[in-house]
Structure formats: C-alpha cells, structure tokens
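Note: the block below is coords-v8.cif and it holds mmCIF, C-alpha atoms and all ligand atoms.
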data_run
loop_
_atom_site.label_atom_id
_atom_site.label_comp_id
_atom_site.auth_asym_id
_atom_site.auth_seq_id
_atom_site.Cartn_x
_atom_site.Cartn_y
_atom_site.Cartn_z
CA MET F 22 52.44 21.49 6.06
CA THR F 23 52.33 18.85 8.78
CA THR F 24 49.00 17.75 10.20
CA HIS F 25 48.87 17.29 13.96
CA ILE F 26 46.37 14.68 15.04
CA VAL F 27 45.41 15.14 18.67
CA SER F 28 44.33 11.79 20.08
CA ALA F 29 45.53 9.75 23.05
CA ASP F 30 45.29 6.53 20.97
CA PHE F 31 47.10 7.74 17.93
CA PRO F 32 49.43 6.56 16.48
CA ALA F 33 49.55 3.45 18.70
CA ALA F 34 46.14 2.58 17.37
CA ARG F 35 45.81 2.93 13.63
CA PRO F 36 42.65 0.93 12.75
CA ARG F 37 43.54 1.30 9.09
CA ARG F 38 46.57 -1.03 9.53
CA ASN F 39 44.34 -4.11 9.46
CA ARG F 40 42.32 -2.74 6.58
CA ARG F 41 45.34 -2.04 4.37
CA ASP F 42 45.61 -5.41 2.60
CA GLU F 43 43.16 -8.00 1.45
CA PHE F 44 44.86 -10.75 3.51
CA SER F 45 44.48 -8.89 6.77
CA ARG F 46 40.95 -7.73 5.98
CA ARG F 47 40.15 -11.43 5.56
CA LEU F 48 41.99 -12.35 8.72
CA VAL F 49 40.02 -9.93 10.90
CA ARG F 50 36.64 -10.48 9.24
CA GLU F 51 34.05 -11.24 11.92
CA ASN F 52 31.19 -12.68 9.88
CA VAL F 53 30.90 -14.69 6.71
CA LEU F 54 27.92 -15.42 4.49
CA THR F 55 27.84 -18.96 3.16
CA THR F 56 25.42 -20.89 1.00
CA GLN F 57 24.28 -22.85 4.03
CA ASP F 58 22.78 -19.63 5.44
CA LEU F 59 20.26 -19.40 2.61
CA ILE F 60 16.63 -20.48 2.45
CA TYR F 61 14.97 -20.06 -0.95
CA PRO F 62 11.27 -19.03 -1.01
CA VAL F 63 9.42 -20.11 -4.17
CA PHE F 64 5.89 -19.66 -5.49
CA VAL F 65 4.05 -22.67 -6.84
CA ARG F 66 0.74 -22.91 -8.70
CA ASP F 67 -1.20 -25.56 -10.60
CA GLY F 68 -0.43 -26.36 -14.21
CA GLN F 69 2.36 -27.68 -16.38
CA GLY F 70 5.44 -26.09 -17.87
CA VAL F 71 4.69 -22.80 -16.12
CA ARG F 72 7.29 -20.15 -15.25
CA GLU F 73 5.09 -17.11 -14.83
CA PRO F 74 6.94 -13.86 -13.97
CA VAL F 75 5.80 -11.82 -10.95
CA PRO F 76 5.85 -8.20 -12.20
CA SER F 77 6.63 -6.59 -8.83
CA MET F 78 9.45 -9.08 -8.17
CA PRO F 79 11.73 -9.07 -11.24
CA GLY F 80 13.47 -12.42 -11.65
CA VAL F 81 10.90 -14.28 -9.51
CA VAL F 82 8.44 -16.65 -11.18
CA ARG F 83 5.49 -18.80 -10.21
CA TYR F 84 6.40 -22.42 -10.92
CA SER F 85 4.12 -25.31 -11.71
CA PRO F 86 4.97 -28.55 -9.86
CA ASP F 87 7.03 -29.86 -12.80
CA THR F 88 9.14 -26.74 -13.40
CA LEU F 89 9.64 -26.46 -9.64
CA LEU F 90 11.60 -29.71 -9.77
CA ALA F 91 14.23 -27.98 -11.92
CA ALA F 92 14.44 -25.14 -9.38
CA ALA F 93 14.85 -27.70 -6.59
CA GLU F 94 17.59 -29.43 -8.55
CA GLU F 95 19.41 -26.11 -8.84
CA CYS F 96 19.16 -25.61 -5.05
CA VAL F 97 20.63 -29.07 -4.50
CA SER F 98 23.48 -28.52 -6.95
CA LEU F 99 24.32 -25.14 -5.40
CA GLY F 100 24.12 -26.52 -1.85
CA ILE F 101 21.18 -24.38 -0.68
CA PRO F 102 19.88 -26.31 2.34
CA VAL F 103 16.18 -25.42 2.32
CA MET F 104 13.47 -24.38 -0.11
CA ALA F 105 10.31 -22.67 1.25
CA LEU F 106 7.01 -23.20 -0.57
CA PHE F 107 4.31 -20.56 -1.05
CA PRO F 108 1.20 -21.66 -2.94
CA VAL F 109 -0.80 -19.65 -5.43
CA ILE F 110 -4.31 -21.05 -5.07
CA GLU F 111 -6.93 -21.01 -7.81
CA PRO F 112 -9.67 -18.47 -6.99
CA SER F 113 -12.35 -21.19 -7.29
CA LEU F 114 -10.78 -23.03 -4.32
CA LYS F 115 -10.78 -20.00 -2.01
CA THR F 116 -13.44 -19.92 0.72
CA PRO F 117 -14.12 -17.79 3.80
CA ASP F 118 -12.54 -20.44 6.07
CA GLY F 119 -9.65 -21.33 3.72
CA ILE F 120 -10.26 -25.03 4.38
CA GLU F 121 -8.45 -26.02 1.16
CA ALA F 122 -5.32 -25.46 3.28
CA ALA F 123 -6.12 -28.73 5.06
CA ASN F 124 -6.82 -30.77 1.92
CA PRO F 125 -4.44 -33.77 1.97
CA ASP F 126 -4.61 -33.88 -1.84
CA GLY F 127 -4.10 -30.14 -2.23
CA LEU F 128 -1.30 -28.44 -4.14
CA VAL F 129 1.17 -28.08 -1.26
CA PRO F 130 1.03 -31.69 0.05
CA GLN F 131 1.39 -33.00 -3.51
CA VAL F 132 4.37 -30.78 -4.22
CA VAL F 133 5.99 -31.65 -0.90
CA ALA F 134 5.64 -35.37 -1.57
CA SER F 135 7.09 -35.13 -5.07
CA LEU F 136 10.00 -32.93 -3.95
CA LYS F 137 10.88 -35.23 -1.04
CA GLN F 138 10.74 -38.24 -3.34
CA ARG F 139 13.03 -36.70 -5.97
CA PHE F 140 15.38 -34.74 -3.68
CA PRO F 141 15.29 -36.30 -0.20
CA GLU F 142 18.40 -34.36 0.81
CA LEU F 143 16.79 -30.95 0.15
CA GLY F 144 15.03 -29.50 3.21
CA ILE F 145 11.47 -28.41 2.49
CA LEU F 146 9.70 -25.74 4.52
CA THR F 147 5.99 -24.96 4.22
CA ASP F 148 4.12 -21.88 5.33
CA VAL F 149 1.27 -22.48 7.76
CA ALA F 150 -1.26 -19.71 7.16
CA LEU F 151 -4.61 -19.35 5.47
CA ASP F 152 -4.19 -16.17 3.41
CA PRO F 153 -3.52 -17.92 0.07
CA TYR F 154 -6.71 -19.95 0.66
CA THR F 155 -9.23 -17.43 2.01
CA SER F 156 -11.65 -15.51 -0.22
CA HIS F 157 -11.01 -12.38 1.90
CA GLY F 158 -7.21 -12.67 1.98
CA GLN F 159 -6.90 -12.65 5.78
CA ASP F 160 -4.73 -15.26 7.53
CA GLY F 161 -7.68 -16.76 9.36
CA VAL F 162 -11.39 -17.22 9.84
CA ILE F 163 -13.24 -13.92 10.26
CA ASP F 164 -16.40 -12.84 12.06
CA GLU F 165 -19.09 -10.54 10.62
CA ASN F 166 -16.88 -7.51 11.34
CA GLY F 167 -13.89 -8.96 9.56
CA TYR F 168 -12.09 -9.69 12.84
CA VAL F 169 -9.84 -12.77 12.65
CA LEU F 170 -11.00 -15.34 15.22
CA ASN F 171 -8.15 -16.96 17.12
CA GLU F 172 -9.19 -20.50 18.12
CA PRO F 173 -11.20 -21.39 14.99
CA THR F 174 -8.18 -20.28 12.97
CA VAL F 175 -5.73 -22.29 15.09
CA ASP F 176 -7.92 -25.39 14.54
CA ILE F 177 -7.58 -25.12 10.75
CA LEU F 178 -3.89 -24.17 10.94
CA THR F 179 -3.25 -27.29 13.00
CA ARG F 180 -4.99 -29.45 10.41
CA GLN F 181 -2.95 -27.70 7.71
CA ALA F 182 0.32 -28.38 9.53
CA LEU F 183 -0.62 -32.05 10.04
CA VAL F 184 -1.42 -32.50 6.35
CA GLN F 185 1.94 -30.97 5.46
CA ALA F 186 3.72 -33.23 7.96
CA GLN F 187 1.94 -36.28 6.59
CA ALA F 188 3.15 -35.31 3.11
CA GLY F 189 6.68 -35.42 4.49
CA VAL F 190 7.62 -31.78 4.97
CA ASP F 191 10.72 -31.16 7.10
CA ILE F 192 9.85 -27.78 8.60
CA VAL F 193 6.45 -26.20 9.15
CA ALA F 194 6.52 -22.43 9.50
CA PRO F 195 3.39 -20.83 10.98
CA SER F 196 3.26 -17.27 9.64
CA ASP F 197 -0.23 -16.44 10.85
CA MET F 198 0.53 -14.78 14.24
CA MET F 199 -2.44 -16.38 16.05
CA ASP F 200 -2.00 -16.81 19.81
CA GLY F 201 -1.10 -20.30 21.00
CA ARG F 202 -0.69 -21.88 17.59
CA ILE F 203 2.84 -23.15 18.11
CA GLY F 204 1.82 -25.17 21.18
CA THR F 205 -1.30 -26.56 19.54
CA ILE F 206 0.57 -27.55 16.39
CA ARG F 207 3.42 -29.09 18.40
CA GLN F 208 1.01 -31.23 20.47
CA ALA F 209 -0.84 -32.37 17.36
CA LEU F 210 2.41 -33.30 15.60
CA GLU F 211 3.63 -35.28 18.62
CA ALA F 212 0.27 -37.03 18.98
CA GLN F 213 0.49 -38.16 15.34
CA GLN F 214 4.10 -39.38 15.73
CA HIS F 215 5.54 -36.55 13.65
CA ILE F 216 8.18 -36.09 16.28
CA TYR F 217 10.90 -34.88 13.90
CA THR F 218 8.87 -32.23 12.10
CA ARG F 219 10.63 -28.99 12.91
CA ILE F 220 8.70 -25.80 13.64
CA MET F 221 10.20 -22.53 12.47
CA ALA F 222 7.95 -19.96 14.10
CA TYR F 223 7.37 -16.62 12.47
CA SER F 224 7.59 -15.26 16.01
CA ALA F 225 8.19 -11.56 15.54
CA LYS F 226 6.20 -10.90 12.42
CA TYR F 227 5.30 -7.27 11.89
CA ALA F 228 2.28 -5.79 10.09
CA SER F 229 4.50 -4.48 7.33
CA ALA F 230 3.90 -2.68 4.06
CA PHE F 231 6.97 -4.49 2.73
CA TYR F 232 4.82 -7.59 2.01
CA GLY F 233 3.08 -5.88 -0.92
CA PRO F 234 4.77 -7.72 -3.82
CA PHE F 235 4.31 -11.10 -2.06
CA ARG F 236 0.57 -10.53 -1.92
CA ASP F 237 0.65 -9.87 -5.68
CA ALA F 238 2.66 -13.06 -6.18
CA VAL F 239 0.26 -15.34 -4.29
CA GLY F 240 -2.76 -13.43 -5.51
CA SER F 241 -4.09 -12.42 -2.09
CA ALA F 242 -3.75 -8.65 -2.63
CA ALA F 243 -7.03 -8.33 -4.53
CA ASN F 244 -8.89 -10.45 -1.96
CA LEU F 245 -7.50 -8.41 0.92
CA GLY F 246 -8.44 -5.10 -0.71
CA LYS F 247 -8.12 -2.22 1.70
CA SER F 248 -8.16 -4.31 4.88
CA ASP F 249 -5.04 -4.75 6.97
CA LYS F 250 -3.53 -7.29 9.41
CA PHE F 251 -3.01 -5.00 12.41
CA THR F 252 -5.13 -7.13 14.78
CA TYR F 253 -2.68 -10.03 14.61
CA GLN F 254 0.65 -9.01 13.09
CA MET F 255 2.86 -6.82 15.29
CA ASP F 256 3.03 -3.05 15.44
CA PRO F 257 6.28 -1.88 13.76
CA ALA F 258 6.77 0.46 16.73
CA ASN F 259 7.26 -2.38 19.21
CA ARG F 260 10.45 -4.00 20.42
CA ASN F 261 9.78 -5.54 23.86
CA GLU F 262 6.70 -7.26 22.51
CA ALA F 263 8.88 -9.11 19.99
CA LEU F 264 10.81 -10.69 22.86
CA ARG F 265 7.58 -11.77 24.56
CA GLU F 266 6.33 -13.32 21.31
CA VAL F 267 9.58 -15.22 20.81
CA ALA F 268 9.63 -16.40 24.43
CA ALA F 269 6.09 -17.76 24.11
CA ASP F 270 6.88 -19.60 20.87
CA ILE F 271 9.96 -21.22 22.41
CA ARG F 272 7.96 -22.37 25.45
CA GLU F 273 5.30 -23.75 23.13
CA GLY F 274 7.80 -25.85 21.20
CA ALA F 275 9.41 -23.86 18.38
CA ASP F 276 12.74 -25.28 17.18
CA MET F 277 13.71 -22.14 15.29
CA VAL F 278 12.43 -18.60 15.43
CA MET F 279 12.11 -15.87 12.84
CA VAL F 280 12.05 -12.12 12.61
CA LYS F 281 10.21 -10.60 9.65
CA PRO F 282 10.71 -8.32 7.68
CA GLY F 283 14.49 -8.31 7.59
CA MET F 284 16.49 -5.18 6.85
CA PRO F 285 14.27 -2.66 8.69
CA TYR F 286 14.19 -4.99 11.74
CA LEU F 287 17.86 -5.88 12.27
CA ASP F 288 17.64 -4.42 15.79
CA ILE F 289 14.97 -6.99 16.64
CA LEU F 290 17.05 -9.79 15.13
CA ARG F 291 19.99 -8.85 17.35
CA ASP F 292 17.76 -8.57 20.44
CA VAL F 293 16.19 -11.97 19.82
CA LYS F 294 19.53 -13.70 19.25
CA ASN F 295 21.03 -12.13 22.36
CA ALA F 296 18.04 -12.89 24.54
CA PHE F 297 17.47 -16.54 23.60
CA GLY F 298 20.43 -17.89 21.64
CA MET F 299 17.99 -19.89 19.52
CA PRO F 300 18.50 -20.76 15.86
CA THR F 301 17.24 -17.39 14.60
CA TYR F 302 16.31 -16.48 11.03
CA ALA F 303 15.39 -13.32 9.19
CA TYR F 304 13.04 -13.04 6.24
CA GLN F 305 14.25 -10.55 3.67
CA VAL F 306 10.75 -10.01 2.31
CA SER F 307 9.34 -9.28 -1.12
CA GLY F 308 9.38 -5.49 -0.73
CA GLU F 309 13.04 -5.49 0.29
CA TYR F 310 13.82 -7.59 -2.77
CA ALA F 311 11.74 -5.29 -5.00
CA MET F 312 13.54 -2.18 -3.71
CA ILE F 313 16.97 -3.58 -4.52
CA LYS F 314 15.80 -4.82 -7.93
CA ALA F 315 14.18 -1.47 -8.81
CA ALA F 316 17.14 0.64 -7.78
CA SER F 317 19.61 -1.56 -9.62
CA ALA F 318 17.42 -1.66 -12.74
CA ASN F 319 17.67 2.14 -12.73
CA GLY F 320 21.43 1.94 -12.43
CA TRP F 321 21.26 3.56 -8.98
CA LEU F 322 22.70 0.64 -7.04
CA ASP F 323 25.16 -2.13 -7.87
CA HIS F 324 22.89 -5.19 -7.77
CA ASP F 325 25.34 -7.87 -6.73
CA LYS F 326 27.21 -5.76 -4.20
CA VAL F 327 24.04 -4.54 -2.50
CA MET F 328 22.58 -8.06 -2.52
CA MET F 329 25.64 -9.55 -0.82
CA GLU F 330 25.97 -6.67 1.67
CA SER F 331 22.31 -6.96 2.63
CA LEU F 332 22.65 -10.71 3.22
CA LEU F 333 25.86 -10.38 5.22
CA ALA F 334 24.10 -7.82 7.43
CA PHE F 335 21.72 -10.54 8.62
CA LYS F 336 24.67 -12.62 9.78
CA ARG F 337 26.26 -9.66 11.55
CA ALA F 338 22.95 -8.87 13.28
CA GLY F 339 22.85 -12.38 14.76
CA GLY F 340 20.92 -14.34 12.16
CA ASP F 341 21.73 -18.01 11.60
CA GLY F 342 20.28 -17.74 8.14
CA VAL F 343 17.95 -15.81 5.91
CA LEU F 344 14.93 -16.50 3.76
CA THR F 345 15.70 -14.56 0.61
CA TYR F 346 14.51 -14.43 -3.00
CA PHE F 347 18.19 -13.80 -3.79
CA ALA F 348 19.20 -17.26 -2.53
CA VAL F 349 20.04 -18.76 -5.93
CA ALA F 350 21.77 -15.63 -7.26
CA ALA F 351 23.80 -15.31 -4.04
CA ALA F 352 24.73 -19.00 -4.02
CA LYS F 353 25.96 -18.71 -7.61
CA LEU F 354 28.15 -15.73 -6.72
CA LEU F 355 29.52 -17.52 -3.66
CA LYS F 356 30.36 -20.52 -5.83
CA GLU F 357 32.15 -18.36 -8.41
CA ARG F 358 34.22 -16.74 -5.69
CA ALA F 359 35.14 -19.98 -3.94
C1 LIG R 401 1.44 -15.17 4.74
C2 LIG R 401 2.80 -14.67 4.47
C3 LIG R 401 3.17 -13.39 4.03
C4 LIG R 401 4.52 -13.43 3.77
C5 LIG R 401 4.98 -14.72 4.08
N1 LIG R 401 3.89 -15.46 4.52
C6 LIG R 401 2.34 -12.19 3.73
C7 LIG R 401 1.52 -11.58 4.77
O1 LIG R 401 1.62 -11.86 5.96
O2 LIG R 401 0.67 -10.78 4.38
C8 LIG R 401 5.32 -12.27 3.21
C9 LIG R 401 6.59 -12.62 2.51
C10 LIG R 401 7.15 -11.56 1.66
O3 LIG R 401 6.68 -10.41 1.63
O4 LIG R 401 8.13 -11.87 0.97
N2 LIG R 401 1.01 -15.27 6.02
#

Turn this file's structure into structure tokens for me.
Ligand code: PBG
Amino acid sequence: MTTHIVSADFPAARPRRNRRDEFSRRLVRENVLTTQDLIYPVFVRDGQGVREPVPSMPGVVRYSPDTLLAAAEECVSLGIPVMALFPVIEPSLKTPDGIEAANPDGLVPQVVASLKQRFPELGILTDVALDPYTSHGQDGVIDENGYVLNEPTVDILTRQALVQAQAGVDIVAPSDMMDGRIGTIRQALEAQQHIYTRIMAYSAKYASAFYGPFRDAVGSAANLGKSDKFTYQMDPANRNEALREVAADIREGADMVMVKPGMPYLDILRDVKNAFGMPTYAYQVSGEYAMIKAASANGWLDHDKVMMESLLAFKRAGGDGVLTYFAVAAAKLLKERA
C-alpha cells in the first residue's frame, strides 16, 4: 500500500535529509557546549584533608582549603575557566548580622588568596551574601519580625565584597537580591581602586525550592528553619519583573548577569539575552543536580546523556555559560570526545 502525504512542502522539504548522517547533523548544529562555558561551584569549610560528602548532592563534597587546591588543579588541567566558592561557616562564627562575612582573615578571603597564588590563571568567583554567616539563615540583617532590612544589609554586603576584592578575587557575585546593592558595591570597588573586579549579578534570582540541597551543603537549612526568602527573592510566577531587575543591575554596573535557577527558567534566560545582549549565565542549582543524580541512580535516566543535554539547553536558550555542579564531569566527557 502506498502512503499519500498531503503537504504543500513535501517532498521538496524533507527535514530528515539533514538528520540522516552524523556529518550533516554536525554541519547544521546550531549550538555547541564547550568547556569554556562551565563555571564550577564548590563548597569549602575549615580543616585539613577534608572531602566531606553532601548527602543530598551525590558526588559533591565539602573541601578544606588544602583539598580544594587539588580540585582547582583539576579545573585548570581540564580548562574550566572559573571556580565559584561557597563557604560552610562554623556555627560558632554565625551571628544575627553575619559580620564574619566581612572578616578580612575569614575563610573565603584566605582561600581566595591561596588559590590566586597557586593558580593565577584560574578565575575565582565569590558569592556575596550573608546566609552562610547568619544565625537565622537569611541573606541579610533582620528586624524583630524577621524582615530583612535593605540598607543595613547592603552595607555589610559591600564590606564583604571589598574584603573579597582585596583578597584578589576576580568576580564578585551578589546573590542576596537586596535593592541597589550592585551600584553600591560598584562604587565602593571603584573608590578602592578595584577597577577590574568583575560583578556577576544574580539579577533574576527566584525564591525557589530547588535550592534545598545547597542549604544542606552550606549548613544554612537548619538556621533558616521554616522561614522563607519571599520578601527579597523573586516570585516564580513573574517574567517582566526579571527584565526590570536585570536592567537595574546593568545600570548599576554589573558586567555579567545571571538567571537562577536554570532548567525551570530557560524562558527567562532567553528573554534576558534577547533584551540586553549582556554576558548572561544560568545557575543549574543544587536541586536540579539532585534530581538528575537521583533519577540516574535509580536507573531511570542515562546520567551522562541527560547531563550533557541539560547543559546544552542553556546554550540554546541564550546562555553564555552555566554554573553547574556537573562542570568537572562534563569537562571530562568533552575532553574524551575531542
Ligand atoms: C545564597 C545562595 C543560594 C544559592 C547560591 N547562593 C541559596 C539561597 O539563596 O537560599 C543556591 C545554589 C544552589 O541551590 O545550588 N544566597
């Protein structure tokens, strides 16, 4: 029996022609993931010889400053351009105002200095936010009702960013979502002659349940308890507001902007790239990582294929790169395939 296909295009257009062979699939491929698109987030805590597994993030560990050097060396040898540091702060150093964040001799400045000394060619990014340092787990200073106060928080964040810049960090990344913090930090950096310190603004950062495993990893989950971050992080229902947030951060002096989380917010990533044409990054957050790990551990998904497809999707959606806990695994695969 002969099938009759009724279409004005057919058979002049047969989209499957280009898909038939590997060479032509490669020839028509629109986006490519490379190692230079990857930013590797790592957790660091005090101590020596530590590689402490994070239960909700299989394969992710908390490093001590010495073991972190080996991780940094691996990034360098694989060609990963940037490592992002997230501190796990001792409970005894946590206070209501999180002022340890601005300690020039604190964990992060020390680690930054030692990494830049050993691996000057590796870009180092630091998070600017108070949640690892506050006894209540919020990203800022709170009033008696638990409301995060904007200006007092921006003051401490600015001191935190300056301390990180003084330690030699390449990129500061405010993830706090306070109003006006990019401008204040930019002015302070310029005033102190840190004119080359780049700011990657967590511009469109949503109040997401996908951050759960991260809060376990840095140990802020218990401090935060049942409270949430809805008064400063964005409502997952909003799209136009993301563009206003990004616009403000660019006017205030951001060099790069970010959308976070990643996979559930690819529409926002595309909007932001189209609207501003800025260097635009996505953060494939802890919960996205945990989902892929859990499903592949059950044999429900093919780990490597899903990992690579998820990362390529950020490129297709307009991202210039992605912060991902898969950075090292992906870079190794890319190297094998090269
Ligand atoms: C802290 C911060 C968070 C993440 C990055 N920086 C958590 C939060 O806002 O509660 C989440 C990263 C992840 O889930 O992988 N301000």

Q.
Nearest residue to ligand LIG 401 (chain R) out of F:Asp323, F:Asp160, F:Asp256, F:Asp176, using all atoms listed in the file?
A. F:Asp160

(Q) From the options F:Asn166, F:Ser98, F:Thr301, F:Ser77, which residue's atoms come nearest to ligand LIG 401 (chain R), counting only C-alpha atoms and all ligand atoms? (A)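 Result for the nearest residue to ligand LIG 401 (chain R): F:Ser77.
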
Q) Counting only C-alpha atoms and all ligand atoms, which protein, DNA or RNA residues come within 6 Å of ligand LIG 401 (chain R), given as a ChimeraX atom specification? A) /F:150,152,160,196-197,232,235,306-307

Take the selection from the previous step and output its residues with C-alpha atoms, as a CSV table (one decimal), in the coordinates of the input.
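What landed in part-v9.csv:
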chain,number,residue,atom,x,y,z
F,150,ALA,CA,-1.3,-19.7,7.2
F,152,ASP,CA,-4.2,-16.2,3.4
F,160,ASP,CA,-4.7,-15.3,7.5
F,196,SER,CA,3.3,-17.3,9.6
F,197,ASP,CA,-0.2,-16.4,10.8
F,232,TYR,CA,4.8,-7.6,2.0
F,235,PHE,CA,4.3,-11.1,-2.1
F,306,VAL,CA,10.8,-10.0,2.3
F,307,SER,CA,9.3,-9.3,-1.1

Q | For Met221 of chain F, the nearest of the candidates F:Pro300, F:Pro32, F:Pro153, F:Gly100, counting all atoms listed in the file | A |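 That would be F:Pro300, the residue with the smallest distance to Met221 of chain F.
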
For segment 304-317 of chain F, what centre and edge lengths in Å (one decimal) does the axis-aligned box get once 5 Å is added on each side of all its listed atoms, as JSON?
{"center_x": 14.5, "center_y": -6.2, "center_z": -1.7, "size_x": 20.3, "size_y": 23.7, "size_z": 25.9}

(Q) What does the structure give for the distance between atom CA of Gly233 of chain F and atom CA of Met78 of chain F, in Å to one decimal? (A) 10.2 Å

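Taking atom CA of His324 of chain F and atom CA of Val75 of chain F as endpoints, the distance between them is 18.6 Å.
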
Q | Near-Ala243 of chain F list (10 Å; all atoms listed in the file; drop same-chain fewer than 3 positions) as number ranges by chain | A | F: 156-158, 236-237, 240, 246-247

(Q) Calculated over all atoms listed in the file, which of the candidates F:Ile110, F:Ala303, F:Phe347, F:Pro117 has the smallest distance to Glu165 of chain F? (A)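 The shortest atom-to-atom distance to Glu165 of chain F comes from F:Pro117.
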
Q: Work out how far apart atom CA of Met279 of chain F and atom CA of Tyr302 of chain F are and give it in Å to one decimal.
A: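 Atom CA of Met279 of chain F sits 4.6 Å away from atom CA of Tyr302 of chain F.
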
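The closest residue to Gly298 of chain F, picked from F:Gly161, F:Pro173, F:Gly204, F:Gly339 and counting all atoms listed in the file, is F:Gly339.
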
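Restricting the calculation to all atoms listed in the file, the smallest distance between Asn52 of chain F and any of F:Phe107, F:Tyr168, F:Trp321, F:Phe335 is found for F:Phe335.
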
Q. Do you know which residues lie at most 10 Å from (-11.4, -25.9, 5.7), with coordinates as in the file and all atoms listed in the file counted, and could you write them as a VMD selection string?
A. chain F and resid 115 to 124 151 154 to 155 162 174 176 to 178 180 to 181

(Q) With all atoms listed in the file as the counted atoms, please give the residues lying no more than 8 Å from Ala225 of chain F, apart from itself and same-chain residues fewer than 6 positions off, as a PyMOL selection string. (A) chain F and resi 255+263-264+266-267+279-281
